[in-house]
Amino acid sequence: MEPVMSPRSHPLLPFAAALMGVGFLSAMDAFMKEAALLIGAYTATVMRAFIGAGLIAPLWLARRPAMPTRAVWKLHLVRGVVSAFMALTFFYAITKLPLAEAIALSFIAPLIALYLASALLGETISRAAIGASVLGFAGTLVIVGGRIGQGEFDRDAMLGTAMLFVSALLYSYNFIVIRRQAQVAGPLEIATFHSGIGGVVLLTLAPVLWETPRAEALVPLMVAGALTVAGSLSIAWAYARAEASALVPTEYSGFVWAAIFGWAFFREPVTWPTLAGTALIVTGCWLAARAPRAAAAATA
């Protein structure tokens, strides 16, 4: 008889956890957009970070954990700094762009990660990866071109798109860090340092960017903080139990969630250019992820 697989070891659990984490974070984006429109992207981002740290740190400390080693501290610091500015630029972008459109443009991050892996890790960029990048770039042009064609690519849209690309660049580096981080630290520790370090880093800009919070922004910020913790825990748990290449495709479910939340919260329509561009970008990402697996199978 074959052994019965326990629920904790089921191979689909990491995939389900990553999918659930993306859902939590997509809902968080909607609440953060609401808060950022009320008190500015910077103040909302800082407050979300500290709310998240305040929610998760007691759970981590209650387990009486050992303090991170110097090497693990370095990973926490790197990801905290990267995530801080990744979040700030993204939340600024979604105050200027519809949620679904912003998420669609952010999908170029895995393609950027290919070139970062080449530059930082010395990995070879295959022809398939280059072709995938061309598809991703074409998808981006379709989305931006759709806005231009409708006469909606104004200064705000231009700023939002520019900040989105900065955020995607930082997020692509995050892909490289998160897998290593998840192998040496637990989800509670990762979520605590992710929020805490990000908040402290951004706080250094307070003399220039801080705006006095308004009371009506507190509820969406509290919900966003809780969803950030839930999403971070889910994704950290998943990445500690499965290869990143297997889990990255779950990121693309974010477009569906963003379209739903964008319409429900802000009545944002999803345009045909956005759908077409998303299809091209996701296809490019799928081809880029598929190429290494096909090569490995051919040499096995």
# chains A, B, ... in the order shown; residues from 1 in each chain; ligands from 1

call {"tool": "closest_atom_pairs", "arguments": {"of": "segment 40-102 of chain A", "to": "segment 195-208 of chain A", "cutoff": "8 Å", "atoms": "only C-alpha atoms", "output": "JSON lines"}}
result
{"residue": "A:Thr45", "atom": "CA", "partner": "A:Gly199", "partner_atom": "CA", "distance": 7.9}
{"residue": "A:Val46", "atom": "CA", "partner": "A:Gly199", "partner_atom": "CA", "distance": 5.3}
{"residue": "A:Met47", "atom": "CA", "partner": "A:Gly199", "partner_atom": "CA", "distance": 7.6}
{"residue": "A:Ala49", "atom": "CA", "partner": "A:Ser195", "partner_atom": "CA", "distance": 4.8}
{"residue": "A:Phe50", "atom": "CA", "partner": "A:Gly199", "partner_atom": "CA", "distance": 5.8}
{"residue": "A:Gly52", "atom": "CA", "partner": "A:Ser195", "partner_atom": "CA", "distance": 6.0}
{"residue": "A:Ala53", "atom": "CA", "partner": "A:Ser195", "partner_atom": "CA", "distance": 5.1}
{"residue": "A:His76", "atom": "CA", "partner": "A:Ile197", "partner_atom": "CA", "distance": 7.9}
{"residue": "A:Leu77", "atom": "CA", "partner": "A:Ile197", "partner_atom": "CA", "distance": 6.7}
{"residue": "A:Gly80", "atom": "CA", "partner": "A:Gly198", "partner_atom": "CA", "distance": 4.8}
{"residue": "A:Val81", "atom": "CA", "partner": "A:Gly198", "partner_atom": "CA", "distance": 5.8}
{"residue": "A:Ser83", "atom": "CA", "partner": "A:Gly198", "partner_atom": "CA", "distance": 6.4}
{"residue": "A:Ala84", "atom": "CA", "partner": "A:Gly198", "partner_atom": "CA", "distance": 4.5}
{"residue": "A:Phe85", "atom": "CA", "partner": "A:Leu202", "partner_atom": "CA", "distance": 7.7}

call {"tool": "residues_around", "arguments": {"residues": "Leu233 of chain A", "least_positions_apart": "3", "cutoff": "8 Å", "atoms": "only C-alpha atoms", "output": "JSON, numbers by chain"}}
result
{"A": [21, 187, 188, 191, 229, 230, 236, 237]}

call {"tool": "write_last_selection", "arguments": {"atoms": "N, CA and C atoms", "output": "PDB file, in the first residue's frame"}}
result
ATOM      1  N   GLY A  21      -1.718  34.124  -0.631  1.00  0.00           N
ATOM      2  CA  GLY A  21      -0.919  35.293  -0.279  1.00  0.00           C
ATOM      3  C   GLY A  21      -1.072  36.410  -1.287  1.00  0.00           C
ATOM      4  N   PRO A 187       8.679  32.212   8.673  1.00  0.00           N
ATOM      5  CA  PRO A 187       7.747  33.232   8.179  1.00  0.00           C
ATOM      6  C   PRO A 187       7.506  34.374   9.152  1.00  0.00           C
ATOM      7  N   LEU A 188       7.374  34.077  10.463  1.00  0.00           N
ATOM      8  CA  LEU A 188       7.126  35.137  11.440  1.00  0.00           C
ATOM      9  C   LEU A 188       8.316  36.099  11.518  1.00  0.00           C
ATOM     10  N   ALA A 191       8.435  38.236   8.232  1.00  0.00           N
ATOM     11  CA  ALA A 191       7.399  39.263   8.198  1.00  0.00           C
ATOM     12  C   ALA A 191       7.703  40.398   9.178  1.00  0.00           C
ATOM     13  N   VAL A 229       0.499  41.410   6.654  1.00  0.00           N
ATOM     14  CA  VAL A 229       1.035  40.336   7.488  1.00  0.00           C
ATOM     15  C   VAL A 229       0.553  38.981   6.977  1.00  0.00           C
ATOM     16  N   ALA A 230      -0.742  38.877   6.686  1.00  0.00           N
ATOM     17  CA  ALA A 230      -1.299  37.612   6.198  1.00  0.00           C
ATOM     18  C   ALA A 230      -0.650  37.203   4.879  1.00  0.00           C
ATOM     19  N   ALA A 236       5.879  33.624   2.456  1.00  0.00           N
ATOM     20  CA  ALA A 236       7.119  33.122   3.061  1.00  0.00           C
ATOM     21  C   ALA A 236       7.012  31.621   3.340  1.00  0.00           C
ATOM     22  N   TRP A 237       5.854  31.187   3.834  1.00  0.00           N
ATOM     23  CA  TRP A 237       5.637  29.758   4.108  1.00  0.00           C
ATOM     24  C   TRP A 237       5.739  28.961   2.812  1.00  0.00           C
TER      25      TRP A 237
END

call {"tool": "closest_atom_pairs", "arguments": {"of": "segment 39-147 of chain A", "to": "segment 253-272 of chain A", "cutoff": "8 Å", "atoms": "only C-alpha atoms", "output": "JSON lines"}}
result
{"residue": "A:Pro98", "atom": "CA", "partner": "A:Glu268", "partner_atom": "CA", "distance": 6.2}
{"residue": "A:Leu99", "atom": "CA", "partner": "A:Gly262", "partner_atom": "CA", "distance": 5.4}
{"residue": "A:Ala100", "atom": "CA", "partner": "A:Ala258", "partner_atom": "CA", "distance": 4.8}
{"residue": "A:Glu101", "atom": "CA", "partner": "A:Val270", "partner_atom": "CA", "distance": 7.6}
{"residue": "A:Ile103", "atom": "CA", "partner": "A:Phe255", "partner_atom": "CA", "distance": 5.8}
{"residue": "A:Ala104", "atom": "CA", "partner": "A:Phe255", "partner_atom": "CA", "distance": 6.2}

call {"tool": "residues_around", "arguments": {"residues": "segment 65-72 of chain A", "least_positions_apart": "5", "cutoff": "9 Å", "atoms": "only C-alpha atoms", "output": "list in words"}}
result
Trp60, Leu77, Gln181, Val184, Ala185 and Glu189 of chain A

call {"tool": "residues_around", "arguments": {"residues": "Arg241 of chain A", "least_positions_apart": "4", "cutoff": "9 Å", "atoms": "only C-alpha atoms", "output": "list in words"}}
result
Pro11, Leu13, Pro14, Ala182, Gln183, Ala236 and Trp237 of chain A

call {"tool": "write_last_selection", "arguments": {"atoms": "C-alpha atoms", "output": "CSV table (one decimal), in the first residue's frame"}}
result
chain,number,residue,atom,x,y,z
A,11,PRO,CA,2.6,19.2,-2.9
A,13,LEU,CA,-0.2,23.3,-0.3
A,14,PRO,CA,2.7,25.7,-1.2
A,182,ALA,CA,13.0,31.9,3.2
A,183,GLN,CA,15.6,29.2,3.6
A,236,ALA,CA,7.1,33.1,3.1
A,237,TRP,CA,5.6,29.8,4.1

call {"tool": "residues_around", "arguments": {"residues": "Ala93 of chain A", "least_positions_apart": "4", "cutoff": "7 Å", "atoms": "only C-alpha atoms", "output": "ChimeraX atom specification"}}
result
/A:89,97,160-161,163-164

call {"tool": "write_last_selection", "arguments": {"atoms": "C-alpha atoms", "output": "mmCIF file, in the first residue's frame"}}
result
data_model
loop_
_atom_site.group_PDB
_atom_site.id
_atom_site.type_symbol
_atom_site.label_atom_id
_atom_site.label_comp_id
_atom_site.auth_asym_id
_atom_site.auth_seq_id
_atom_site.Cartn_x
_atom_site.Cartn_y
_atom_site.Cartn_z
ATOM 1 C CA THR A 89 6.983 53.690 -5.581
ATOM 2 C CA LEU A 97 -3.153 54.451 -12.397
ATOM 3 C CA GLY A 160 2.590 56.611 -12.280
ATOM 4 C CA THR A 161 4.042 54.506 -15.092
ATOM 5 C CA MET A 163 7.227 54.815 -10.640
ATOM 6 C CA LEU A 164 5.730 51.454 -11.591
#

call {"tool": "closest_residue", "arguments": {"among": "A:Ile56, A:Ala36, A:Val22, A:Ile190", "to": "Thr250 of chain A", "atoms": "only C-alpha atoms"}}
result
A:Val22

call {"tool": "residues_around", "arguments": {"residues": "Arg48 of chain A", "least_positions_apart": "4", "cutoff": "12 Å", "atoms": "only C-alpha atoms", "output": "PDB file with C-alpha atoms, in the first residue's frame"}}
result
ATOM      1  CA  MET A  28      -4.159  45.211   0.591  1.00  0.00           C
ATOM      2  CA  ASP A  29      -3.330  47.225  -2.551  1.00  0.00           C
ATOM      3  CA  PHE A  31      -7.062  49.488   0.858  1.00  0.00           C
ATOM      4  CA  MET A  32      -3.675  51.177   0.466  1.00  0.00           C
ATOM      5  CA  LYS A  33      -4.843  53.061  -2.606  1.00  0.00           C
ATOM      6  CA  ALA A  35      -5.469  55.445   2.269  1.00  0.00           C
ATOM      7  CA  ALA A  36      -2.837  56.918  -0.078  1.00  0.00           C
ATOM      8  CA  ALA A  41       1.490  57.533  -0.601  1.00  0.00           C
ATOM      9  CA  TYR A  42       4.490  58.190   1.654  1.00  0.00           C
ATOM     10  CA  THR A  43       2.593  58.584   4.939  1.00  0.00           C
ATOM     11  CA  ALA A  44       0.334  55.648   4.118  1.00  0.00           C
ATOM     12  CA  GLY A  52       2.232  45.438  10.154  1.00  0.00           C
ATOM     13  CA  ALA A  53       5.298  45.197  12.410  1.00  0.00           C
ATOM     14  CA  GLY A  54       3.152  45.918  15.473  1.00  0.00           C
ATOM     15  CA  LEU A  55       0.790  43.094  14.563  1.00  0.00           C
ATOM     16  CA  ALA A  84      10.638  49.889   1.466  1.00  0.00           C
ATOM     17  CA  ALA A  87       6.359  49.649  -1.785  1.00  0.00           C
ATOM     18  CA  LEU A  88       6.634  53.449  -1.806  1.00  0.00           C
ATOM     19  CA  PHE A  91       1.720  52.826  -3.834  1.00  0.00           C
ATOM     20  CA  HIS A 194      10.294  42.996   6.490  1.00  0.00           C
ATOM     21  CA  SER A 195       7.788  45.463   7.962  1.00  0.00           C
ATOM     22  CA  GLY A 196       9.980  46.869  10.735  1.00  0.00           C
ATOM     23  CA  GLY A 198      11.013  48.978   5.809  1.00  0.00           C
ATOM     24  CA  GLY A 199       9.259  51.400   8.164  1.00  0.00           C
ATOM     25  CA  VAL A 200      12.493  52.579   9.786  1.00  0.00           C
ATOM     26  CA  LEU A 202      11.258  55.179   5.075  1.00  0.00           C
ATOM     27  CA  LEU A 203      11.001  57.177   8.292  1.00  0.00           C
ATOM     28  CA  PRO A 213      -2.773  61.487   8.937  1.00  0.00           C
ATOM     29  CA  ALA A 217      -7.493  56.787   6.703  1.00  0.00           C
ATOM     30  CA  LEU A 218      -6.921  54.722   9.870  1.00  0.00           C
ATOM     31  CA  VAL A 219      -9.402  51.936   9.096  1.00  0.00           C
ATOM     32  CA  PRO A 220      -8.069  51.158   5.591  1.00  0.00           C
ATOM     33  CA  LEU A 221      -4.522  51.376   6.984  1.00  0.00           C
ATOM     34  CA  MET A 222      -5.276  48.896   9.785  1.00  0.00           C
ATOM     35  CA  VAL A 223      -6.888  46.501   7.310  1.00  0.00           C
ATOM     36  CA  ALA A 224      -3.955  46.945   4.918  1.00  0.00           C
ATOM     37  CA  GLY A 225      -1.503  46.215   7.745  1.00  0.00           C
ATOM     38  CA  ALA A 226      -3.324  43.007   8.672  1.00  0.00           C
ATOM     39  CA  LEU A 227      -3.514  41.910   5.029  1.00  0.00           C
ATOM     40  CA  THR A 228       0.208  42.641   4.590  1.00  0.00           C
ATOM     41  CA  VAL A 229       1.035  40.336   7.488  1.00  0.00           C
TER      42      VAL A 229
END
